[in-house]
Structure formats: structure tokens, C-alpha cells
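**Student:** See final.cif below, with mmCIF, N, CA and C atoms.
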data_coords
#
loop_
_atom_site.label_atom_id
_atom_site.label_comp_id
_atom_site.auth_asym_id
_atom_site.auth_seq_id
_atom_site.Cartn_x
_atom_site.Cartn_y
_atom_site.Cartn_z
N MET A 149 108.75 83.95 101.19
CA MET A 149 108.70 85.16 100.38
C MET A 149 107.57 86.06 100.89
N PRO A 150 107.78 87.38 100.81
CA PRO A 150 106.72 88.30 101.22
C PRO A 150 105.47 88.13 100.35
N THR A 151 104.33 88.38 100.96
CA THR A 151 103.05 88.35 100.25
C THR A 151 102.61 89.78 99.99
N VAL A 152 102.30 90.10 98.75
CA VAL A 152 101.82 91.42 98.38
C VAL A 152 100.33 91.33 98.10
N TRP A 153 99.56 92.17 98.78
CA TRP A 153 98.12 92.28 98.52
C TRP A 153 97.93 93.31 97.43
N VAL A 154 97.29 92.91 96.36
CA VAL A 154 97.14 93.75 95.18
C VAL A 154 95.83 94.55 95.29
N PRO A 155 95.90 95.89 95.18
CA PRO A 155 94.68 96.69 95.22
C PRO A 155 93.69 96.25 94.14
N ALA A 156 92.42 96.22 94.49
CA ALA A 156 91.37 95.74 93.58
C ALA A 156 91.42 96.37 92.19
N PRO A 157 91.61 97.70 92.06
CA PRO A 157 91.60 98.29 90.72
C PRO A 157 92.76 97.82 89.83
N TRP A 158 93.81 97.26 90.41
CA TRP A 158 94.98 96.84 89.64
C TRP A 158 94.95 95.37 89.29
N ARG A 159 94.13 94.58 89.92
CA ARG A 159 94.18 93.12 89.80
C ARG A 159 93.99 92.61 88.38
N ASP A 160 92.94 93.04 87.71
CA ASP A 160 92.65 92.50 86.38
C ASP A 160 93.76 92.79 85.38
N LYS A 161 94.27 94.02 85.38
CA LYS A 161 95.29 94.40 84.40
C LYS A 161 96.67 93.86 84.73
N LEU A 162 97.00 93.74 86.02
CA LEU A 162 98.37 93.39 86.37
C LEU A 162 98.59 91.94 86.78
N THR A 163 97.66 91.37 87.52
CA THR A 163 97.91 90.04 88.07
C THR A 163 96.88 89.00 87.63
N GLY A 164 96.13 89.30 86.60
CA GLY A 164 95.13 88.35 86.12
C GLY A 164 94.05 88.05 87.15
N GLY A 165 93.77 89.02 88.01
CA GLY A 165 92.73 88.88 89.00
C GLY A 165 93.18 88.37 90.36
N GLN A 166 94.47 88.04 90.49
CA GLN A 166 94.96 87.55 91.78
C GLN A 166 94.92 88.65 92.84
N GLN A 167 94.40 88.31 94.01
CA GLN A 167 94.30 89.24 95.12
C GLN A 167 95.63 89.40 95.85
N GLN A 168 96.40 88.34 95.89
CA GLN A 168 97.70 88.39 96.54
C GLN A 168 98.70 87.58 95.73
N VAL A 169 99.96 88.02 95.79
CA VAL A 169 101.03 87.33 95.08
C VAL A 169 102.25 87.29 95.99
N GLU A 170 103.08 86.29 95.80
CA GLU A 170 104.32 86.18 96.56
C GLU A 170 105.47 86.54 95.64
N VAL A 171 106.36 87.40 96.15
CA VAL A 171 107.53 87.82 95.38
C VAL A 171 108.73 87.90 96.30
N ALA A 172 109.91 87.84 95.72
CA ALA A 172 111.14 87.94 96.49
C ALA A 172 111.42 89.39 96.83
N GLY A 173 112.16 89.59 97.91
CA GLY A 173 112.61 90.93 98.27
C GLY A 173 112.81 91.09 99.76
N GLU A 174 113.84 91.86 100.10
CA GLU A 174 114.12 92.15 101.51
C GLU A 174 113.85 93.61 101.85
N THR A 175 113.55 94.41 100.83
CA THR A 175 113.14 95.80 101.03
C THR A 175 111.94 96.06 100.12
N VAL A 176 111.25 97.15 100.38
CA VAL A 176 110.13 97.51 99.52
C VAL A 176 110.63 97.71 98.09
N ARG A 177 111.80 98.30 97.91
CA ARG A 177 112.37 98.49 96.57
C ARG A 177 112.53 97.15 95.85
N GLN A 178 113.08 96.16 96.52
CA GLN A 178 113.28 94.85 95.91
C GLN A 178 111.95 94.16 95.61
N VAL A 179 110.97 94.35 96.49
CA VAL A 179 109.63 93.79 96.24
C VAL A 179 109.04 94.42 94.98
N ILE A 180 109.17 95.73 94.85
CA ILE A 180 108.65 96.42 93.66
C ILE A 180 109.35 95.91 92.40
N GLU A 181 110.65 95.73 92.47
CA GLU A 181 111.38 95.23 91.29
C GLU A 181 110.93 93.82 90.93
N SER A 182 110.71 92.98 91.93
CA SER A 182 110.20 91.62 91.67
C SER A 182 108.81 91.66 91.06
N LEU A 183 107.97 92.55 91.59
CA LEU A 183 106.62 92.70 91.04
C LEU A 183 106.69 93.12 89.58
N GLU A 184 107.57 94.06 89.27
CA GLU A 184 107.69 94.56 87.90
C GLU A 184 108.17 93.45 86.96
N THR A 185 109.08 92.60 87.44
CA THR A 185 109.57 91.49 86.63
C THR A 185 108.45 90.51 86.31
N GLN A 186 107.65 90.17 87.32
CA GLN A 186 106.59 89.18 87.14
C GLN A 186 105.32 89.78 86.54
N TYR A 187 105.05 91.04 86.86
CA TYR A 187 103.80 91.70 86.44
C TYR A 187 104.13 93.09 85.90
N PRO A 188 104.61 93.18 84.66
CA PRO A 188 105.00 94.47 84.09
C PRO A 188 103.89 95.52 84.21
N GLY A 189 104.30 96.71 84.62
CA GLY A 189 103.36 97.81 84.80
C GLY A 189 103.14 98.16 86.26
N PHE A 190 103.57 97.28 87.15
CA PHE A 190 103.38 97.52 88.58
C PHE A 190 104.17 98.75 89.03
N ARG A 191 105.43 98.82 88.64
CA ARG A 191 106.31 99.90 89.12
C ARG A 191 105.74 101.28 88.79
N GLN A 192 105.23 101.46 87.58
CA GLN A 192 104.73 102.79 87.19
C GLN A 192 103.55 103.23 88.03
N ARG A 193 102.82 102.29 88.63
CA ARG A 193 101.69 102.64 89.49
C ARG A 193 102.12 103.01 90.90
N ILE A 194 103.34 102.62 91.27
CA ILE A 194 103.80 102.80 92.64
C ILE A 194 104.90 103.86 92.77
N VAL A 195 105.78 103.94 91.77
CA VAL A 195 107.00 104.74 91.90
C VAL A 195 106.94 106.02 91.07
N ASP A 196 107.33 107.13 91.69
CA ASP A 196 107.55 108.39 90.99
C ASP A 196 108.95 108.28 90.39
N GLU A 197 109.04 108.00 89.09
CA GLU A 197 110.33 107.73 88.44
C GLU A 197 111.28 108.92 88.51
N GLU A 198 110.77 110.14 88.42
CA GLU A 198 111.63 111.32 88.46
C GLU A 198 112.37 111.42 89.78
N LYS A 199 111.69 111.07 90.87
CA LYS A 199 112.27 111.20 92.20
C LYS A 199 112.73 109.87 92.79
N ASP A 200 112.48 108.77 92.07
CA ASP A 200 112.85 107.44 92.51
C ASP A 200 112.38 107.16 93.94
N ARG A 201 111.09 107.41 94.15
CA ARG A 201 110.49 107.12 95.46
C ARG A 201 109.01 106.79 95.26
N ILE A 202 108.39 106.32 96.33
CA ILE A 202 106.97 105.97 96.28
C ILE A 202 106.17 107.23 95.93
N ARG A 203 105.22 107.07 95.02
CA ARG A 203 104.38 108.21 94.63
C ARG A 203 103.64 108.76 95.85
N PRO A 204 103.39 110.06 95.88
CA PRO A 204 102.73 110.66 97.05
C PRO A 204 101.29 110.19 97.25
N ASP A 205 100.67 109.64 96.22
CA ASP A 205 99.29 109.18 96.37
C ASP A 205 99.21 107.68 96.70
N ILE A 206 100.35 107.08 97.06
CA ILE A 206 100.41 105.68 97.44
C ILE A 206 101.03 105.57 98.83
N ALA A 207 100.38 104.82 99.71
CA ALA A 207 100.97 104.50 101.02
C ALA A 207 101.40 103.04 100.98
N VAL A 208 102.47 102.72 101.69
CA VAL A 208 102.96 101.36 101.76
C VAL A 208 102.84 100.88 103.21
N SER A 209 102.21 99.74 103.37
CA SER A 209 102.08 99.13 104.69
C SER A 209 102.81 97.80 104.68
N VAL A 210 103.70 97.62 105.66
CA VAL A 210 104.40 96.36 105.82
C VAL A 210 104.02 95.80 107.18
N ASP A 211 103.41 94.64 107.18
CA ASP A 211 102.95 94.00 108.41
C ASP A 211 102.06 94.92 109.24
N GLY A 212 101.18 95.63 108.54
CA GLY A 212 100.19 96.48 109.20
C GLY A 212 100.69 97.83 109.65
N GLU A 213 101.92 98.17 109.31
CA GLU A 213 102.51 99.44 109.73
C GLU A 213 102.87 100.30 108.52
N VAL A 214 102.26 101.47 108.44
CA VAL A 214 102.61 102.41 107.37
C VAL A 214 103.86 103.14 107.82
N SER A 215 104.84 103.19 106.94
CA SER A 215 106.14 103.74 107.30
C SER A 215 106.54 104.84 106.33
N ALA A 216 107.28 105.80 106.85
CA ALA A 216 107.80 106.89 106.00
C ALA A 216 109.13 106.50 105.36
N GLU A 217 109.61 105.28 105.61
CA GLU A 217 110.89 104.84 105.05
C GLU A 217 110.83 104.59 103.56
N GLY A 218 109.64 104.50 103.02
CA GLY A 218 109.48 104.31 101.58
C GLY A 218 110.11 103.04 101.09
N MET A 219 110.90 103.13 100.03
CA MET A 219 111.47 101.95 99.39
C MET A 219 112.60 101.32 100.20
N ARG A 220 113.09 102.02 101.21
CA ARG A 220 114.15 101.45 102.07
C ARG A 220 113.59 100.53 103.15
N ARG A 221 112.28 100.54 103.34
CA ARG A 221 111.65 99.78 104.43
C ARG A 221 111.97 98.30 104.30
N HIS A 222 112.44 97.70 105.40
CA HIS A 222 112.76 96.27 105.42
C HIS A 222 111.48 95.44 105.31
N VAL A 223 111.58 94.34 104.59
CA VAL A 223 110.47 93.40 104.41
C VAL A 223 110.99 92.01 104.79
N GLY A 224 110.31 91.35 105.71
CA GLY A 224 110.71 90.02 106.14
C GLY A 224 110.19 88.95 105.19
N ALA A 225 110.71 87.73 105.36
CA ALA A 225 110.34 86.61 104.49
C ALA A 225 108.86 86.28 104.58
N SER A 226 108.24 86.55 105.73
CA SER A 226 106.81 86.23 105.89
C SER A 226 105.96 87.50 106.01
N SER A 227 106.51 88.62 105.57
CA SER A 227 105.79 89.90 105.68
C SER A 227 104.61 89.97 104.71
N GLU A 228 103.63 90.79 105.10
CA GLU A 228 102.53 91.16 104.21
C GLU A 228 102.75 92.60 103.81
N VAL A 229 102.71 92.86 102.52
CA VAL A 229 102.92 94.21 101.98
C VAL A 229 101.65 94.65 101.27
N HIS A 230 101.20 95.85 101.60
CA HIS A 230 100.02 96.44 100.95
C HIS A 230 100.43 97.77 100.34
N PHE A 231 100.06 97.98 99.08
CA PHE A 231 100.22 99.27 98.43
C PHE A 231 98.82 99.87 98.40
N LEU A 232 98.65 101.01 99.06
CA LEU A 232 97.33 101.60 99.27
C LEU A 232 97.18 102.89 98.49
N PRO A 233 96.47 102.83 97.35
CA PRO A 233 96.24 104.06 96.57
C PRO A 233 95.29 104.98 97.34
N ALA A 234 95.50 106.27 97.19
CA ALA A 234 94.62 107.25 97.82
C ALA A 234 93.20 107.07 97.28
N ILE A 235 92.25 107.28 98.14
CA ILE A 235 90.84 107.15 97.76
C ILE A 235 90.25 108.55 97.74
N SER A 236 89.56 108.86 96.68
CA SER A 236 88.90 110.17 96.61
C SER A 236 87.40 109.96 96.63
N GLY A 237 86.72 111.03 96.85
CA GLY A 237 85.26 110.94 96.85
C GLY A 237 84.69 111.71 98.02
N GLY A 238 83.42 111.54 98.20
CA GLY A 238 82.77 112.27 99.28
C GLY A 238 82.22 113.57 98.79
N SER A 239 81.69 114.30 99.70
CA SER A 239 81.05 115.55 99.34
C SER A 239 81.33 116.60 100.40
N LEU A 240 81.42 117.82 99.98
CA LEU A 240 81.61 118.92 100.91
C LEU A 240 80.33 119.68 101.14
N ARG A 241 79.19 119.06 100.85
CA ARG A 241 77.90 119.72 101.04
C ARG A 241 77.67 119.98 102.52
N PRO A 242 77.17 121.15 102.84
CA PRO A 242 76.83 121.40 104.24
C PRO A 242 75.66 120.53 104.66
N ARG A 243 75.60 120.24 105.94
CA ARG A 243 74.51 119.40 106.46
C ARG A 243 73.23 120.15 106.54
#
Show the structure stored in the file as C-alpha cells.
**Tutor:**
Amino acid sequence: MPTVWVPAPWRDKLTGGQQQVEVAGETVRQVIESLETQYPGFRQRIVDEEKDRIRPDIAVSVDGEVSAEGMRRHVGASSEVHFLPAISGGSLRPR
């Protein structure tokens, strides 16, 4: 089964602190559905429900490759999947 690495800010609320979880799925869509079944609330953090696609502030990496295929992206039985929320911060102060 694919291994999903859970972003640190989501761990306590969604997976009881687990850093990684294994779920069934052959596509990113199926992985998300499995995550939602086991850990309710996952889908709303990843999917733009109105457009039925990955939210624009989330990148998906499968086996170290970020892909524009979104939820159609194939996931192998031993794949590692990362959902990467956008990071904000920094400063625009001149040097």
C-alpha cells in the first residue's frame, strides 16, 4: 500500500500524531478517498470541492515528483505520497 507522509500541522487533528500512514489506492484520488475514510477531515484540506481537484495551495508529490496530473496521478503499491501545503512568511524589507 502507498505510504502517505502527513504534514506536521495536520498530524494531531487527523492522524493522532502519526507522521506517515499506509492507505489503499492506485491514483491520488483513491488515496485521498482512503485517507478520508480512515481519517475524516483529510479531503477538505486537500480538495477544492467546487472544482473537484487539488486545492491550489497544495502540491502533491508522488515518489519525489511533483506532478500537474492532480488526482489522476498514478500511485504504485510502494509509492510515497506527500501533500505539501504552501508555506507563507518571510519579509519584503529592503536590505
**Student:** Separation of atom C of Gly173 of chain A and atom CA of Ile235 of chain A, in Å?
**Tutor:** 27.3 Å
**Student:** In file coordinates, which residues lie within 7 Å of (105.1, 104.0, 100.7) using only N, CA and C atoms, given as a list in words?
**Tutor:**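 Those residues lying close to the given coordinates are Ile202, Arg203, Ile206, Ala207, Val208, Ser209, Ser215, Ala216, Glu217, Gly218 and Met219 of chain A.
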**Student:** What does the distance between atom N of Val154 of chain A and atom C of Ser227 of chain A come to in Å, to one decimal place?
**Tutor:**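 One can read the atom N of Val154 of chain A to atom C of Ser227 of chain A distance as 11.5 Å.
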**Student:** Which residues come within 12 Å of Gln192 of chain A, counting only C-alpha atoms, excluding same-chain residues fewer than 2 positions away, as a PyMOL selection string?
**Tutor:** chain A and resi 158+162+180-181+183-184+187-190+194-198+200-203+206
**Student:** Can you work out which one of A:Gln186, A:Val152, A:Ala234, A:Val179 has the shortest atom-to-atom distance to Gln167 of chain A, counting all atoms listed in the file?
**Tutor:**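 Ranked by minimum distance to Gln167 of chain A, first place goes to A:Val152.
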**Student:** Evaluate the PyMOL selection byres ((chain A and resi 222) around 5) against this structure - the residues, as a list of chain:residue names, please.
**Tutor:**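 This file, filtered by the PyMOL selection byres ((chain A and resi 222) around 5), leaves A:Glu174, A:Thr175, A:Arg220, A:Arg221, A:Val223, A:Gly224.
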**Student:** Using the chain letters and numbers from this document, which residues of chain A does DSSP assign to strand (DSSP E), as a PDB file with N, CA and C atoms, in the coordinates of the input?
**Tutor:**
ATOM      1  N   THR A 151     104.330  88.380 100.960  1.00  0.00           N
ATOM      2  CA  THR A 151     103.050  88.350 100.250  1.00  0.00           C
ATOM      3  C   THR A 151     102.610  89.780  99.990  1.00  0.00           C
ATOM      4  N   VAL A 152     102.300  90.100  98.750  1.00  0.00           N
ATOM      5  CA  VAL A 152     101.820  91.420  98.380  1.00  0.00           C
ATOM      6  C   VAL A 152     100.330  91.330  98.100  1.00  0.00           C
ATOM      7  N   TRP A 153      99.560  92.170  98.780  1.00  0.00           N
ATOM      8  CA  TRP A 153      98.120  92.280  98.520  1.00  0.00           C
ATOM      9  C   TRP A 153      97.930  93.310  97.430  1.00  0.00           C
ATOM     10  N   GLN A 168      96.400  88.340  95.890  1.00  0.00           N
ATOM     11  CA  GLN A 168      97.700  88.390  96.540  1.00  0.00           C
ATOM     12  C   GLN A 168      98.700  87.580  95.730  1.00  0.00           C
ATOM     13  N   VAL A 169      99.960  88.020  95.790  1.00  0.00           N
ATOM     14  CA  VAL A 169     101.030  87.330  95.080  1.00  0.00           C
ATOM     15  C   VAL A 169     102.250  87.290  95.990  1.00  0.00           C
ATOM     16  N   GLU A 170     103.080  86.290  95.800  1.00  0.00           N
ATOM     17  CA  GLU A 170     104.320  86.180  96.560  1.00  0.00           C
ATOM     18  C   GLU A 170     105.470  86.540  95.640  1.00  0.00           C
ATOM     19  N   VAL A 195     105.780 103.940  91.770  1.00  0.00           N
ATOM     20  CA  VAL A 195     107.000 104.740  91.900  1.00  0.00           C
ATOM     21  C   VAL A 195     106.940 106.020  91.070  1.00  0.00           C
ATOM     22  N   ASP A 196     107.330 107.130  91.690  1.00  0.00           N
ATOM     23  CA  ASP A 196     107.550 108.390  90.990  1.00  0.00           C
ATOM     24  C   ASP A 196     108.950 108.280  90.390  1.00  0.00           C
ATOM     25  N   ARG A 201     111.090 107.410  94.150  1.00  0.00           N
ATOM     26  CA  ARG A 201     110.490 107.120  95.460  1.00  0.00           C
ATOM     27  C   ARG A 201     109.010 106.790  95.260  1.00  0.00           C
ATOM     28  N   ILE A 202     108.390 106.320  96.330  1.00  0.00           N
ATOM     29  CA  ILE A 202     106.970 105.970  96.280  1.00  0.00           C
ATOM     30  C   ILE A 202     106.170 107.230  95.930  1.00  0.00           C
ATOM     31  N   ILE A 206     100.350 107.080  97.060  1.00  0.00           N
ATOM     32  CA  ILE A 206     100.410 105.680  97.440  1.00  0.00           C
ATOM     33  C   ILE A 206     101.030 105.570  98.830  1.00  0.00           C
ATOM     34  N   ALA A 207     100.380 104.820  99.710  1.00  0.00           N
ATOM     35  CA  ALA A 207     100.970 104.500 101.020  1.00  0.00           C
ATOM     36  C   ALA A 207     101.400 103.040 100.980  1.00  0.00           C
ATOM     37  N   VAL A 208     102.470 102.720 101.690  1.00  0.00           N
ATOM     38  CA  VAL A 208     102.960 101.360 101.760  1.00  0.00           C
ATOM     39  C   VAL A 208     102.840 100.880 103.210  1.00  0.00           C
ATOM     40  N   SER A 209     102.210  99.740 103.370  1.00  0.00           N
ATOM     41  CA  SER A 209     102.080  99.130 104.690  1.00  0.00           C
ATOM     42  C   SER A 209     102.810  97.800 104.680  1.00  0.00           C
ATOM     43  N   VAL A 210     103.700  97.620 105.660  1.00  0.00           N
ATOM     44  CA  VAL A 210     104.400  96.360 105.820  1.00  0.00           C
ATOM     45  C   VAL A 210     104.020  95.800 107.180  1.00  0.00           C
ATOM     46  N   GLU A 213     101.920  98.170 109.310  1.00  0.00           N
ATOM     47  CA  GLU A 213     102.510  99.440 109.730  1.00  0.00           C
ATOM     48  C   GLU A 213     102.870 100.300 108.520  1.00  0.00           C
ATOM     49  N   VAL A 214     102.260 101.470 108.440  1.00  0.00           N
ATOM     50  CA  VAL A 214     102.610 102.410 107.370  1.00  0.00           C
ATOM     51  C   VAL A 214     103.860 103.140 107.820  1.00  0.00           C
ATOM     52  N   GLU A 228     103.630  90.790 105.100  1.00  0.00           N
ATOM     53  CA  GLU A 228     102.530  91.160 104.210  1.00  0.00           C
ATOM     54  C   GLU A 228     102.750  92.600 103.810  1.00  0.00           C
ATOM     55  N   VAL A 229     102.710  92.860 102.520  1.00  0.00           N
ATOM     56  CA  VAL A 229     102.920  94.210 101.980  1.00  0.00           C
ATOM     57  C   VAL A 229     101.650  94.650 101.270  1.00  0.00           C
ATOM     58  N   HIS A 230     101.200  95.850 101.600  1.00  0.00           N
ATOM     59  CA  HIS A 230     100.020  96.440 100.950  1.00  0.00           C
ATOM     60  C   HIS A 230     100.430  97.770 100.340  1.00  0.00           C
ATOM     61  N   PHE A 231     100.060  97.980  99.080  1.00  0.00           N
ATOM     62  CA  PHE A 231     100.220  99.270  98.430  1.00  0.00           C
ATOM     63  C   PHE A 231      98.820  99.870  98.400  1.00  0.00           C
ATOM     64  N   LEU A 232      98.650 101.010  99.060  1.00  0.00           N
ATOM     65  CA  LEU A 232      97.330 101.600  99.270  1.00  0.00           C
ATOM     66  C   LEU A 232      97.180 102.890  98.490  1.00  0.00           C
ATOM     67  N   PRO A 233      96.470 102.830  97.350  1.00  0.00           N
ATOM     68  CA  PRO A 233      96.240 104.060  96.570  1.00  0.00           C
ATOM     69  C   PRO A 233      95.290 104.980  97.340  1.00  0.00           C
TER      70      PRO A 233
END
**Student:** As an exercise, work out the distance from atom CA of Val214 of chain A to atom CA of Gly164 of chain A in Å and give it to one decimal place.
**Tutor:**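 Interatomic distance here is 26.6 Å.
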**Student:** Smallest atom-to-atom distance to Phe231 of chain A: which of A:Gly165, A:Pro204, A:Gly212, A:Pro155, using only C-alpha atoms?
**Tutor:** A:Pro155
**Student:** List, as a list in words, every residue that the PyMOL selection byres (((chain A and resi 171 and name CA) around 7) and name CA) selects in the file provided.
**Tutor:**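 Selected by the PyMOL selection byres (((chain A and resi 171 and name CA) around 7) and name CA) here: Met149, Pro150, Thr151, Val169, Glu170, Ala172, Gly173, Val179, Ser182 and Leu183 of chain A.
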**Student:** How about saving the chosen residues, N, CA and C atoms kept, as a short mmCIF file (atom, residue, chain, number, x, y, z; two decimals), keeping the file's coordinate frame?
**Tutor:**
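Saved result, selection_26.cif, follows:
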data_model
loop_
_atom_site.label_atom_id
_atom_site.label_comp_id
_atom_site.auth_asym_id
_atom_site.auth_seq_id
_atom_site.Cartn_x
_atom_site.Cartn_y
_atom_site.Cartn_z
N MET A 149 108.75 83.95 101.19
CA MET A 149 108.70 85.16 100.38
C MET A 149 107.57 86.06 100.89
N PRO A 150 107.78 87.38 100.81
CA PRO A 150 106.72 88.30 101.22
C PRO A 150 105.47 88.13 100.35
N THR A 151 104.33 88.38 100.96
CA THR A 151 103.05 88.35 100.25
C THR A 151 102.61 89.78 99.99
N VAL A 169 99.96 88.02 95.79
CA VAL A 169 101.03 87.33 95.08
C VAL A 169 102.25 87.29 95.99
N GLU A 170 103.08 86.29 95.80
CA GLU A 170 104.32 86.18 96.56
C GLU A 170 105.47 86.54 95.64
N ALA A 172 109.91 87.84 95.72
CA ALA A 172 111.14 87.94 96.49
C ALA A 172 111.42 89.39 96.83
N GLY A 173 112.16 89.59 97.91
CA GLY A 173 112.61 90.93 98.27
C GLY A 173 112.81 91.09 99.76
N VAL A 179 110.97 94.35 96.49
CA VAL A 179 109.63 93.79 96.24
C VAL A 179 109.04 94.42 94.98
N SER A 182 110.71 92.98 91.93
CA SER A 182 110.20 91.62 91.67
C SER A 182 108.81 91.66 91.06
N LEU A 183 107.97 92.55 91.59
CA LEU A 183 106.62 92.70 91.04
C LEU A 183 106.69 93.12 89.58
#
